[in-house]
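Enquirer: If it helps, the file is called final.tsv and holds TSV, C-alpha atoms and all ligand atoms:
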chain	number	residue	atom	x	y	z
B	290	MET	CA	1.60	-46.88	16.98
B	291	ARG	CA	-1.03	-45.78	19.53
B	292	VAL	CA	-1.67	-42.07	18.84
B	293	PHE	CA	-3.55	-39.69	21.19
B	294	LEU	CA	-4.82	-36.51	19.47
B	295	THR	CA	-5.85	-33.59	21.67
B	296	GLY	CA	-8.12	-31.33	19.60
B	297	GLY	CA	-8.50	-34.10	17.04
B	298	ALA	CA	-11.94	-32.86	15.91
B	299	GLY	CA	-10.63	-29.45	14.88
B	300	TYR	CA	-9.61	-28.22	11.43
B	301	ILE	CA	-6.00	-29.46	11.42
B	302	GLY	CA	-6.75	-32.20	13.96
B	303	SER	CA	-9.43	-33.86	11.82
B	304	HIS	CA	-7.21	-33.81	8.71
B	305	THR	CA	-4.36	-35.33	10.73
B	306	LEU	CA	-6.77	-37.91	12.20
B	307	LEU	CA	-7.71	-38.98	8.67
B	308	GLU	CA	-4.05	-39.26	7.61
B	309	VAL	CA	-3.02	-41.19	10.74
B	310	LEU	CA	-5.95	-43.62	10.47
B	311	SER	CA	-5.04	-44.18	6.82
B	312	GLN	CA	-1.60	-45.27	8.05
B	313	ASP	CA	-3.19	-47.92	10.32
B	314	HIS	CA	-2.33	-46.34	13.66
B	315	GLU	CA	-4.66	-46.87	16.64
B	316	VAL	CA	-6.12	-43.48	17.65
B	317	CYS	CA	-7.87	-41.80	20.56
B	318	VAL	CA	-9.29	-38.29	20.07
B	319	TYR	CA	-9.58	-36.04	23.14
B	320	ASP	CA	-11.64	-32.92	22.38
B	321	ASP	CA	-14.05	-30.62	24.27
B	322	PHE	CA	-15.77	-29.53	21.02
B	323	SER	CA	-15.50	-25.86	22.09
B	324	ASN	CA	-14.16	-24.96	18.63
B	325	SER	CA	-15.07	-28.08	16.64
B	326	GLU	CA	-17.99	-30.38	15.83
B	327	PRO	CA	-18.47	-34.13	16.55
B	328	GLU	CA	-19.78	-34.34	12.97
B	329	ALA	CA	-16.19	-33.91	11.75
B	330	LEU	CA	-15.29	-37.18	13.49
B	331	ASN	CA	-18.31	-38.94	11.96
B	332	ARG	CA	-17.14	-37.88	8.51
B	333	VAL	CA	-13.55	-39.02	9.08
B	334	ALA	CA	-14.84	-42.40	10.26
B	335	LYS	CA	-16.90	-42.70	7.08
B	336	LEU	CA	-14.06	-41.57	4.80
B	337	THR	CA	-11.57	-44.03	6.31
B	338	ASN	CA	-13.94	-46.84	7.29
B	339	ARG	CA	-11.87	-46.98	10.47
B	340	SER	CA	-13.00	-46.75	14.08
B	341	PHE	CA	-11.20	-44.88	16.83
B	342	GLU	CA	-11.81	-43.86	20.43
B	343	THR	CA	-13.20	-40.45	21.41
B	344	VAL	CA	-13.15	-38.83	24.85
B	345	GLU	CA	-14.99	-35.53	25.29
B	346	GLY	CA	-12.89	-33.47	27.67
B	347	ASP	CA	-11.09	-30.21	28.38
B	348	VAL	CA	-7.28	-30.20	28.55
B	349	LEU	CA	-7.69	-28.25	31.80
B	350	ASP	CA	-9.64	-31.14	33.37
B	351	ARG	CA	-6.55	-32.80	34.85
B	352	PRO	CA	-8.22	-35.93	36.31
B	353	LYS	CA	-10.14	-36.63	33.09
B	354	MET	CA	-7.09	-36.01	30.88
B	355	ARG	CA	-4.92	-38.22	33.10
B	356	GLN	CA	-7.45	-41.06	33.12
B	357	ALA	CA	-7.93	-40.88	29.34
B	358	LEU	CA	-4.17	-41.18	28.84
B	359	ILE	CA	-3.79	-44.03	31.35
B	360	ASP	CA	-6.70	-45.91	29.74
B	361	PHE	CA	-5.40	-45.48	26.17
B	362	ARG	CA	-1.67	-45.81	26.90
B	363	PRO	CA	-0.45	-43.88	23.83
B	364	ASP	CA	3.00	-44.26	22.27
B	365	VAL	CA	2.80	-40.60	21.14
B	366	VAL	CA	0.57	-37.57	21.71
B	367	VAL	CA	-0.17	-34.93	19.03
B	368	HIS	CA	-1.22	-31.79	20.87
B	369	PHE	CA	-3.58	-29.56	18.83
B	370	ALA	CA	-5.98	-28.42	21.58
B	371	GLY	CA	-5.60	-24.71	22.31
B	372	LYS	CA	-6.86	-21.22	21.57
B	373	LYS	CA	-5.52	-19.85	18.29
B	374	ALA	CA	-6.80	-16.37	17.41
B	375	VAL	CA	-4.16	-13.63	17.55
B	376	GLY	CA	-6.67	-10.80	17.93
B	377	GLU	CA	-8.62	-12.56	20.70
B	378	SER	CA	-5.35	-13.27	22.52
B	379	THR	CA	-4.62	-9.55	22.84
B	380	GLU	CA	-8.09	-8.99	24.36
B	381	LYS	CA	-8.07	-12.08	26.64
B	382	PRO	CA	-4.40	-12.92	27.41
B	383	LEU	CA	-5.14	-14.78	30.68
B	384	MET	CA	-7.53	-17.16	28.90
B	385	TYR	CA	-4.76	-17.88	26.36
B	386	TYR	CA	-2.08	-18.52	29.00
B	387	ARG	CA	-4.50	-20.69	30.97
B	388	ASN	CA	-5.63	-22.81	28.02
B	389	ASN	CA	-2.43	-23.05	26.01
B	390	VAL	CA	0.24	-23.16	28.71
B	391	GLU	CA	-1.53	-24.67	31.72
B	392	GLY	CA	-3.37	-27.04	29.37
B	393	THR	CA	-0.04	-28.35	28.10
B	394	LEU	CA	1.28	-28.83	31.65
B	395	SER	CA	-1.89	-30.80	32.44
B	396	LEU	CA	-1.25	-32.93	29.37
B	397	LEU	CA	2.44	-33.56	30.15
B	398	GLU	CA	1.65	-34.62	33.73
B	399	GLY	CA	-1.00	-36.99	32.42
B	400	MET	CA	1.48	-38.36	29.87
B	401	GLU	CA	4.02	-39.08	32.61
B	402	ALA	CA	1.34	-40.92	34.63
B	403	ALA	CA	0.64	-43.01	31.50
B	404	GLY	CA	4.30	-43.62	30.70
B	405	CYS	CA	4.15	-41.71	27.39
B	406	LYS	CA	7.42	-39.98	26.42
B	407	ARG	CA	6.72	-38.61	22.93
B	408	ILE	CA	4.84	-35.48	21.86
B	409	VAL	CA	4.28	-33.67	18.55
B	410	PHE	CA	3.32	-30.07	19.33
B	411	SER	CA	1.25	-27.67	17.20
B	412	SER	CA	3.49	-24.61	17.28
B	413	SER	CA	3.41	-21.61	14.94
B	414	ALA	CA	5.62	-19.34	12.84
B	415	THR	CA	4.22	-16.58	15.03
B	416	VAL	CA	7.01	-17.42	17.51
B	417	TYR	CA	9.50	-15.71	15.16
B	418	GLY	CA	7.94	-12.23	15.32
B	419	ASP	CA	9.32	-9.46	13.11
B	420	PRO	CA	11.66	-10.97	10.50
B	421	HIS	CA	15.39	-10.25	10.93
B	422	TYR	CA	15.82	-12.11	7.62
B	423	LEU	CA	13.68	-14.20	5.27
B	424	PRO	CA	12.93	-16.97	4.71
B	425	TYR	CA	12.60	-17.83	8.41
B	426	ASP	CA	14.79	-20.80	9.31
B	427	GLU	CA	14.62	-22.53	12.70
B	428	ALA	CA	17.68	-20.57	13.92
B	429	HIS	CA	15.83	-17.26	13.49
B	430	PRO	CA	15.46	-15.38	16.80
B	431	LEU	CA	12.19	-16.08	18.67
B	432	ALA	CA	10.33	-12.89	19.61
B	433	PRO	CA	6.54	-13.26	19.44
B	434	THR	CA	4.60	-9.98	19.30
B	435	ASN	CA	1.24	-11.15	20.69
B	436	PRO	CA	0.01	-13.31	23.60
B	437	TYR	CA	-1.00	-16.17	21.28
B	438	GLY	CA	2.52	-16.38	19.86
B	439	MET	CA	3.98	-16.01	23.37
B	440	THR	CA	1.98	-19.05	24.58
B	441	LYS	CA	3.44	-21.12	21.72
B	442	TYR	CA	6.94	-19.88	22.58
B	443	MET	CA	6.47	-20.70	26.28
B	444	VAL	CA	5.28	-24.22	25.50
B	445	GLU	CA	8.31	-24.72	23.25
B	446	LEU	CA	10.55	-23.76	26.19
B	447	ILE	CA	8.64	-26.11	28.53
B	448	LEU	CA	9.04	-29.00	26.10
B	449	LYS	CA	12.73	-28.26	25.64
B	450	ASP	CA	13.25	-28.47	29.42
B	451	TRP	CA	11.03	-31.60	29.62
B	452	CYS	CA	13.37	-33.29	27.12
B	453	THR	CA	16.51	-32.07	28.90
B	454	ALA	CA	15.24	-33.39	32.25
B	455	GLN	CA	14.71	-36.89	30.86
B	456	ASP	CA	16.87	-37.89	27.91
B	457	ASP	CA	14.40	-40.51	26.64
B	458	ASN	CA	11.68	-37.87	26.17
B	459	THR	CA	10.94	-36.65	22.62
B	460	ALA	CA	9.25	-33.44	21.45
B	461	VAL	CA	8.76	-32.37	17.82
B	462	LEU	CA	7.71	-28.70	17.61
B	463	LEU	CA	5.98	-28.12	14.27
B	464	ARG	CA	5.99	-24.39	13.44
B	465	TYR	CA	2.99	-23.96	11.10
B	466	PHE	CA	2.83	-21.20	8.54
B	467	ASN	CA	-0.64	-20.52	7.10
B	468	PRO	CA	-2.78	-23.69	6.87
B	469	VAL	CA	-5.60	-23.51	4.28
B	470	GLY	CA	-7.69	-25.77	2.05
B	471	ALA	CA	-9.53	-29.03	2.74
B	472	HIS	CA	-9.51	-32.77	2.08
B	473	GLU	CA	-10.22	-33.60	-1.59
B	474	SER	CA	-13.57	-35.19	-0.68
B	475	GLY	CA	-14.97	-31.84	0.46
B	476	GLU	CA	-16.35	-33.70	3.50
B	477	ILE	CA	-14.09	-32.05	6.11
B	478	GLY	CA	-12.72	-28.51	6.22
B	479	GLU	CA	-12.30	-25.26	8.10
B	480	ASP	CA	-15.46	-24.23	9.95
B	481	PRO	CA	-14.82	-21.06	12.02
B	482	ASN	CA	-17.32	-20.41	14.84
B	483	ASP	CA	-17.81	-16.73	14.01
B	484	ILE	CA	-16.84	-14.34	11.21
B	485	PRO	CA	-13.41	-15.61	10.11
B	486	ASN	CA	-10.29	-13.70	11.16
B	487	ASN	CA	-8.17	-15.45	8.57
B	488	LEU	CA	-8.02	-14.65	4.86
B	489	MET	CA	-8.90	-17.96	3.18
B	490	PRO	CA	-12.08	-18.80	5.13
B	491	PHE	CA	-13.22	-15.19	4.74
B	492	VAL	CA	-12.71	-15.28	0.96
B	493	SER	CA	-14.44	-18.66	0.86
B	494	GLN	CA	-17.52	-17.27	2.65
B	495	VAL	CA	-17.65	-14.29	0.28
B	496	ALA	CA	-17.59	-16.71	-2.67
B	497	VAL	CA	-20.47	-18.77	-1.26
B	498	GLY	CA	-22.50	-15.63	-0.44
B	499	ARG	CA	-22.33	-15.75	3.38
B	500	LEU	CA	-20.27	-12.53	3.48
B	501	GLU	CA	-20.60	-9.51	1.21
B	502	LYS	CA	-17.04	-8.45	0.44
B	503	LEU	CA	-13.45	-8.82	1.54
B	504	ARG	CA	-11.53	-6.04	3.27
B	505	VAL	CA	-7.90	-6.10	2.14
B	506	PHE	CA	-5.87	-4.95	5.13
B	507	GLY	CA	-3.44	-2.58	3.45
B	508	ALA	CA	-2.01	-2.34	-0.08
B	509	ASP	CA	0.96	-0.13	0.83
B	510	TYR	CA	3.42	-2.76	2.07
B	511	GLU	CA	6.87	-3.19	0.52
B	512	THR	CA	5.69	-6.28	-1.39
B	513	PRO	CA	5.23	-6.95	-5.13
B	514	ASP	CA	1.59	-5.81	-5.21
B	515	GLY	CA	1.56	-3.92	-1.89
B	516	THR	CA	-0.57	-6.51	-0.04
B	517	GLY	CA	0.56	-8.88	2.71
B	518	VAL	CA	2.57	-11.95	1.69
B	519	ARG	CA	2.29	-15.29	3.52
B	520	ASP	CA	3.40	-18.92	3.14
B	521	TYR	CA	0.12	-20.82	2.63
B	522	ILE	CA	0.26	-24.57	3.14
B	523	HIS	CA	-2.41	-27.11	2.18
B	524	VAL	CA	-3.89	-28.68	5.32
B	525	VAL	CA	-3.45	-32.16	3.80
B	526	ASP	CA	0.28	-31.48	3.32
B	527	LEU	CA	0.31	-30.30	6.95
B	528	ALA	CA	-1.44	-33.51	8.08
B	529	LYS	CA	1.21	-35.55	6.26
B	530	ALA	CA	3.91	-33.57	8.08
B	531	HIS	CA	2.34	-34.68	11.39
B	532	ALA	CA	2.32	-38.30	10.28
B	533	ALA	CA	6.01	-37.98	9.37
B	534	ALA	CA	6.72	-36.31	12.74
B	535	ILE	CA	5.01	-39.23	14.55
B	536	GLY	CA	7.36	-41.63	12.79
B	537	PHE	CA	10.36	-39.42	13.56
B	538	ALA	CA	9.37	-39.23	17.25
B	539	GLY	CA	9.29	-43.03	17.35
B	540	ASP	CA	12.95	-43.23	16.30
B	541	HIS	CA	14.54	-40.18	17.93
B	542	LYS	CA	15.01	-38.60	21.37
B	543	GLY	CA	15.24	-34.94	22.32
B	544	CYS	CA	13.52	-31.73	21.19
B	545	GLU	CA	13.44	-30.53	17.56
B	546	ALA	CA	11.71	-27.40	16.16
B	547	ILE	CA	10.74	-27.79	12.49
B	548	ASN	CA	9.18	-25.27	10.08
B	549	VAL	CA	6.14	-26.59	8.22
B	550	GLY	CA	5.64	-24.37	5.19
B	551	SER	CA	5.96	-24.41	1.41
B	552	GLY	CA	8.80	-21.90	1.17
B	553	GLN	CA	6.68	-19.86	-1.31
B	554	GLY	CA	5.10	-16.48	-0.54
B	555	SER	CA	1.67	-15.47	-1.93
B	556	SER	CA	0.02	-12.05	-1.59
B	557	VAL	CA	-3.56	-11.35	-0.57
B	558	LEU	CA	-4.40	-10.50	-4.20
B	559	ASP	CA	-2.71	-13.71	-5.38
B	560	VAL	CA	-5.13	-15.59	-3.11
B	561	VAL	CA	-8.14	-13.60	-4.34
B	562	ARG	CA	-7.25	-14.30	-7.98
B	563	ALA	CA	-6.56	-17.99	-7.33
B	564	PHE	CA	-9.86	-18.36	-5.49
B	565	GLU	CA	-11.81	-16.65	-8.29
B	566	GLY	CA	-10.17	-19.04	-10.74
B	567	ALA	CA	-11.00	-22.07	-8.59
B	568	SER	CA	-14.61	-21.10	-7.80
B	569	GLY	CA	-15.66	-19.15	-10.90
B	570	ARG	CA	-17.04	-16.60	-8.43
B	571	ASN	CA	-16.12	-12.92	-8.24
B	572	ILE	CA	-14.58	-11.87	-4.91
B	573	PRO	CA	-15.40	-8.16	-4.40
B	574	TYR	CA	-13.03	-6.31	-2.06
B	575	ASP	CA	-12.18	-2.89	-0.66
B	576	VAL	CA	-8.65	-1.89	0.32
B	577	VAL	CA	-8.72	-0.57	3.90
B	578	GLU	CA	-6.07	0.38	6.46
B	579	ARG	CA	-3.49	-2.13	7.64
B	580	ARG	CA	-4.49	-4.52	10.47
B	581	ALA	CA	-2.65	-3.76	13.72
B	582	GLY	CA	0.16	-6.23	14.41
B	583	ASP	CA	0.40	-7.56	10.85
B	584	ILE	CA	3.82	-8.26	9.40
B	585	ALA	CA	4.29	-7.31	5.70
B	586	GLU	CA	5.73	-10.58	4.55
B	587	PHE	CA	6.95	-13.93	5.89
B	588	TYR	CA	7.60	-17.40	4.52
B	589	ALA	CA	9.45	-20.56	5.53
B	590	ASP	CA	12.79	-22.15	4.84
B	591	PRO	CA	11.47	-25.76	4.77
B	592	THR	CA	14.89	-27.44	4.39
B	593	LYS	CA	15.01	-28.98	7.88
B	594	ALA	CA	11.60	-30.67	7.42
B	595	TYR	CA	12.89	-32.33	4.28
B	596	ASN	CA	16.18	-33.36	5.86
B	597	LEU	CA	14.71	-34.72	9.11
B	598	LEU	CA	11.22	-35.86	8.07
B	599	GLY	CA	11.66	-36.48	4.34
B	600	TRP	CA	8.65	-34.20	3.93
B	601	LYS	CA	7.86	-31.27	1.64
B	602	THR	CA	4.66	-29.71	0.34
B	603	GLU	CA	3.06	-31.20	-2.78
B	604	CYS	CA	0.05	-28.90	-3.26
B	605	ASP	CA	0.04	-25.41	-4.80
B	606	LEU	CA	-2.22	-22.38	-4.26
B	607	ALA	CA	-4.67	-23.54	-6.94
B	608	ASP	CA	-5.07	-26.89	-5.13
B	609	MET	CA	-5.59	-25.05	-1.84
B	610	CYS	CA	-8.28	-22.77	-3.26
B	611	GLY	CA	-9.97	-25.55	-5.26
B	612	SER	CA	-10.25	-27.80	-2.20
B	613	ALA	CA	-11.40	-24.93	0.05
B	614	TRP	CA	-14.11	-24.08	-2.49
B	615	LYS	CA	-15.26	-27.72	-2.80
B	616	TRP	CA	-15.64	-27.92	1.02
B	617	GLN	CA	-17.41	-24.56	1.25
B	618	SER	CA	-19.76	-25.10	-1.70
B	619	GLN	CA	-20.71	-28.58	-0.47
B	620	ASN	CA	-21.11	-27.29	3.11
B	621	PRO	CA	-22.27	-23.64	2.93
B	622	ASN	CA	-22.90	-23.67	6.71
B	623	GLY	CA	-19.91	-25.82	7.59
B	624	TYR	CA	-20.81	-28.83	9.75
B	625	LYS	CA	-24.13	-27.30	10.77
B	626	PRO	CA	-27.12	-28.60	8.78
B	627	ASN	CA	-27.76	-26.60	5.59
V	701	LIG	C1	-3.11	-13.40	6.02
V	701	LIG	C2	-2.99	-12.15	5.19
V	701	LIG	C3	-3.71	-10.16	6.34
V	701	LIG	C4	-7.95	-11.33	6.58
V	701	LIG	C5	-2.56	-15.94	11.55
V	701	LIG	C6	-1.84	-16.24	12.84
V	701	LIG	C7	-1.00	-17.48	12.67
V	701	LIG	C8	-1.86	-18.61	12.18
V	701	LIG	C9	-2.54	-18.23	10.86
V	701	LIG	C10	-2.62	-19.89	14.07
V	701	LIG	C11	-2.45	-10.94	5.98
V	701	LIG	C12	-4.61	-10.44	5.14
V	701	LIG	C13	-6.58	-11.32	6.32
V	701	LIG	C14	-8.79	-10.38	5.92
V	701	LIG	C15	-6.87	-9.49	4.79
V	701	LIG	N1	-2.86	-18.94	13.15
V	701	LIG	N2	-6.06	-10.42	5.45
V	701	LIG	N3	-8.22	-9.50	5.05
V	701	LIG	O1	-2.29	-13.17	10.23
V	701	LIG	O2	-0.76	-14.39	8.57
V	701	LIG	O3	-1.60	-15.60	10.57
V	701	LIG	O4	-3.32	-17.06	11.12
V	701	LIG	O5	-1.67	-20.62	14.16
V	701	LIG	O6	-0.44	-17.81	13.91
V	701	LIG	O7	-0.95	-15.17	13.12
V	701	LIG	O8	-3.19	-15.03	8.74
V	701	LIG	O9	-5.14	-15.25	7.26
V	701	LIG	O10	-5.26	-13.62	9.22
V	701	LIG	O11	-3.82	-13.07	7.23
V	701	LIG	O12	-6.37	-8.67	3.99
V	701	LIG	O13	-10.05	-10.34	6.13
V	701	LIG	O14	-4.30	-11.76	4.74
V	701	LIG	O15	-3.44	-8.77	6.45
V	701	LIG	O16	-1.63	-10.17	5.10
V	701	LIG	P1	-1.92	-14.42	9.51
V	701	LIG	P2	-4.45	-14.25	8.13
Once you've parsed the file, please lay out its structure as structure tokens.

Expert:
Amino acid sequence: MRVFLTGGAGYIGSHTLLEVLSQDHEVCVYDDFSNSEPEALNRVAKLTNRSFETVEGDVLDRPKMRQALIDFRPDVVVHFAGKKAVGESTEKPLMYYRNNVEGTLSLLEGMEAAGCKRIVFSSSATVYGDPHYLPYDEAHPLAPTNPYGMTKYMVELILKDWCTAQDDNTAVLLRYFNPVGAHESGEIGEDPNDIPNNLMPFVSQVAVGRLEKLRVFGADYETPDGTGVRDYIHVVDLAKAHAAAIGFAGDHKGCEAINVGSGQGSSVLDVVRAFEGASGRNIPYDVVERRAGDIAEFYADPTKAYNLLGWKTECDLADMCGSAWKWQSQNPNGYKPN
């Protein structure tokens, strides 16, 4: 199939690009490199020995997006491009609604001009909000508690209506849990622009000496060791879920929301211990107050992904930490020159 990846140079985008190229699809990457590096694409090309098209552009640049889609004529679009930091979204909500919601409308209008009727959308478990029950299944009420999560929820509603309006349209809404880790080569990985908000890249930078110590945001939750529990998923498993969703979109019509998680919960201290085991490095930490907006615990019911996509996770926390450490130790400054 002809696959168009918005944000294909990003962390999850570049891992999905590698997986999709390995499955012999034809690919065009559309990325403005605002939160990614062209070097990631160079490395994927080397790892796969495959070529692909690249268009540098902003999803908000309607004429450029439209022309790129008409020129490439994709069978399916995987839409990664968007802002993704919860904390930043509470400080700059309008930027999040502009980029994530208007950017998706720009994309969909370009897709219609190019005759493309299939999309795989990068959604998030953040759409569920405070758990009414756990594990979250796809029937759980949707009540995001921050602007980032609200943008994902709004796009899900837009795609649902887009599929209702035209019954040969297809949208697969992949609700990510917590993506971590890196490709086994250590050549591509997570490379945050600033000090990481998320746990795994922060721990990784402590291990490599870029940051001094970890702050554990609360150890007084109703969880086994008092620290926050999350469903971490290896980014390569996540990339494989996208490849499976592309295949599913080729054979099905309509809109489907699907959880993409392991179904297992791990605490902050579980991650610290696993990373120390994988890296052989000590991860010093202080327990500090809870982070505003954090939920104590959440994890996925991944049954629907297995039933519809034939997909489930294969990697465990040790694999996630080992691969994250290999990427970080081989690339202490990420994609920037050492
Ligand atoms: C995980 C756990 C923290 C950092 C967010 C978004 C979600 C998705 C993934 C985009 C929590 C604790 C963290 C630190 C810590 N992003 N923590 N010290 O908040 O579950 O999810 O990122 O799709 O949409 O909501 O991930 O990695 O920030 O936190 O103690 O320095 O680690 O309290 O328990 P989160 P996280």

Enquirer: Here is a test: counting all atoms listed in the file, which residue of B:Leu383, B:Ala508, B:Ile477, B:Ala298 is nearest to ligand LIG 701 (chain V)?

Expert: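 Closest to ligand LIG 701 (chain V), using all atoms listed in the file: B:Ala508.
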
Enquirer: Show me which residues sit within 6 Å of ligand LIG 701 (chain V) when counting all atoms listed in the file, and put them as a list of chain:residue names.

Expert: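 Answer in the requested format: B:Lys373, B:Val375, B:Ser413, B:Thr415, B:Asn467, B:Asn486, B:Asn487, B:Leu488, B:Phe491, B:Leu503, B:Arg504, B:Val505, B:Phe506, B:Gly517, B:Val518, B:Arg519, B:Val557, B:Arg580, B:Asp583.
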
Enquirer: Show which residues sit within 9 Å of Glu565 of chain B, as a ChimeraX atom specification. Count only C-alpha atoms, and ignore same-chain residues fewer than 6 positions away.

Expert: /B:496,571-572,610

Enquirer: Could you save the residues just selected, with C-alpha atoms, as a compact mmCIF listing (two decimals), keeping the file's coordinate frame?

Expert:
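part16.txt was written with the following content:
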# COMPACT_ATOMS: atom_id res chain seq x y z
CA ALA B 496 -17.59 -16.71 -2.67
CA ASN B 571 -16.12 -12.92 -8.24
CA ILE B 572 -14.58 -11.87 -4.91
CA CYS B 610 -8.28 -22.77 -3.26

Enquirer: Find, counting all atoms listed in the file, the residue in B:Glu345, B:Asn622, B:Val549, B:Gly611 that gets nearest to Tyr595 of chain B.

Expert: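 Going through B:Glu345, B:Asn622, B:Val549, B:Gly611 one by one, the smallest distance to Tyr595 of chain B is for B:Val549.
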
Enquirer: So, with all atoms listed in the file as the atoms that count, which of B:Tyr510, B:Phe466, B:Trp451, B:Tyr386 lies closest to Met439 of chain B?

Expert: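 Ranked by minimum distance to Met439 of chain B, first place goes to B:Tyr386.
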
Enquirer: Could you name the residues that touch Ala432 of chain B at 10 Å or less, counting only C-alpha atoms, but leaving out those on the same chain fewer than 6 positions away, as a ChimeraX atom specification?

Expert: /B:415-420,438-439,442

Enquirer: Got time to write the residues from that selection, C-alpha atoms, as an mmCIF file, in the frame of the given file?

Expert:
data_model
loop_
_atom_site.group_PDB
_atom_site.id
_atom_site.type_symbol
_atom_site.label_atom_id
_atom_site.label_comp_id
_atom_site.auth_asym_id
_atom_site.auth_seq_id
_atom_site.Cartn_x
_atom_site.Cartn_y
_atom_site.Cartn_z
ATOM 1 C CA THR B 415 4.220 -16.580 15.030
ATOM 2 C CA VAL B 416 7.010 -17.420 17.510
ATOM 3 C CA TYR B 417 9.500 -15.710 15.160
ATOM 4 C CA GLY B 418 7.940 -12.230 15.320
ATOM 5 C CA ASP B 419 9.320 -9.460 13.110
ATOM 6 C CA PRO B 420 11.660 -10.970 10.500
ATOM 7 C CA GLY B 438 2.520 -16.380 19.860
ATOM 8 C CA MET B 439 3.980 -16.010 23.370
ATOM 9 C CA TYR B 442 6.940 -19.880 22.580
#

Enquirer: Using Å and a single decimal, report how far atom CA of Val292 of chain B sits from atom CA of Val365 of chain B.

Expert: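 Between atom CA of Val365 of chain B and atom CA of Val292 of chain B the gap is 5.2 Å.
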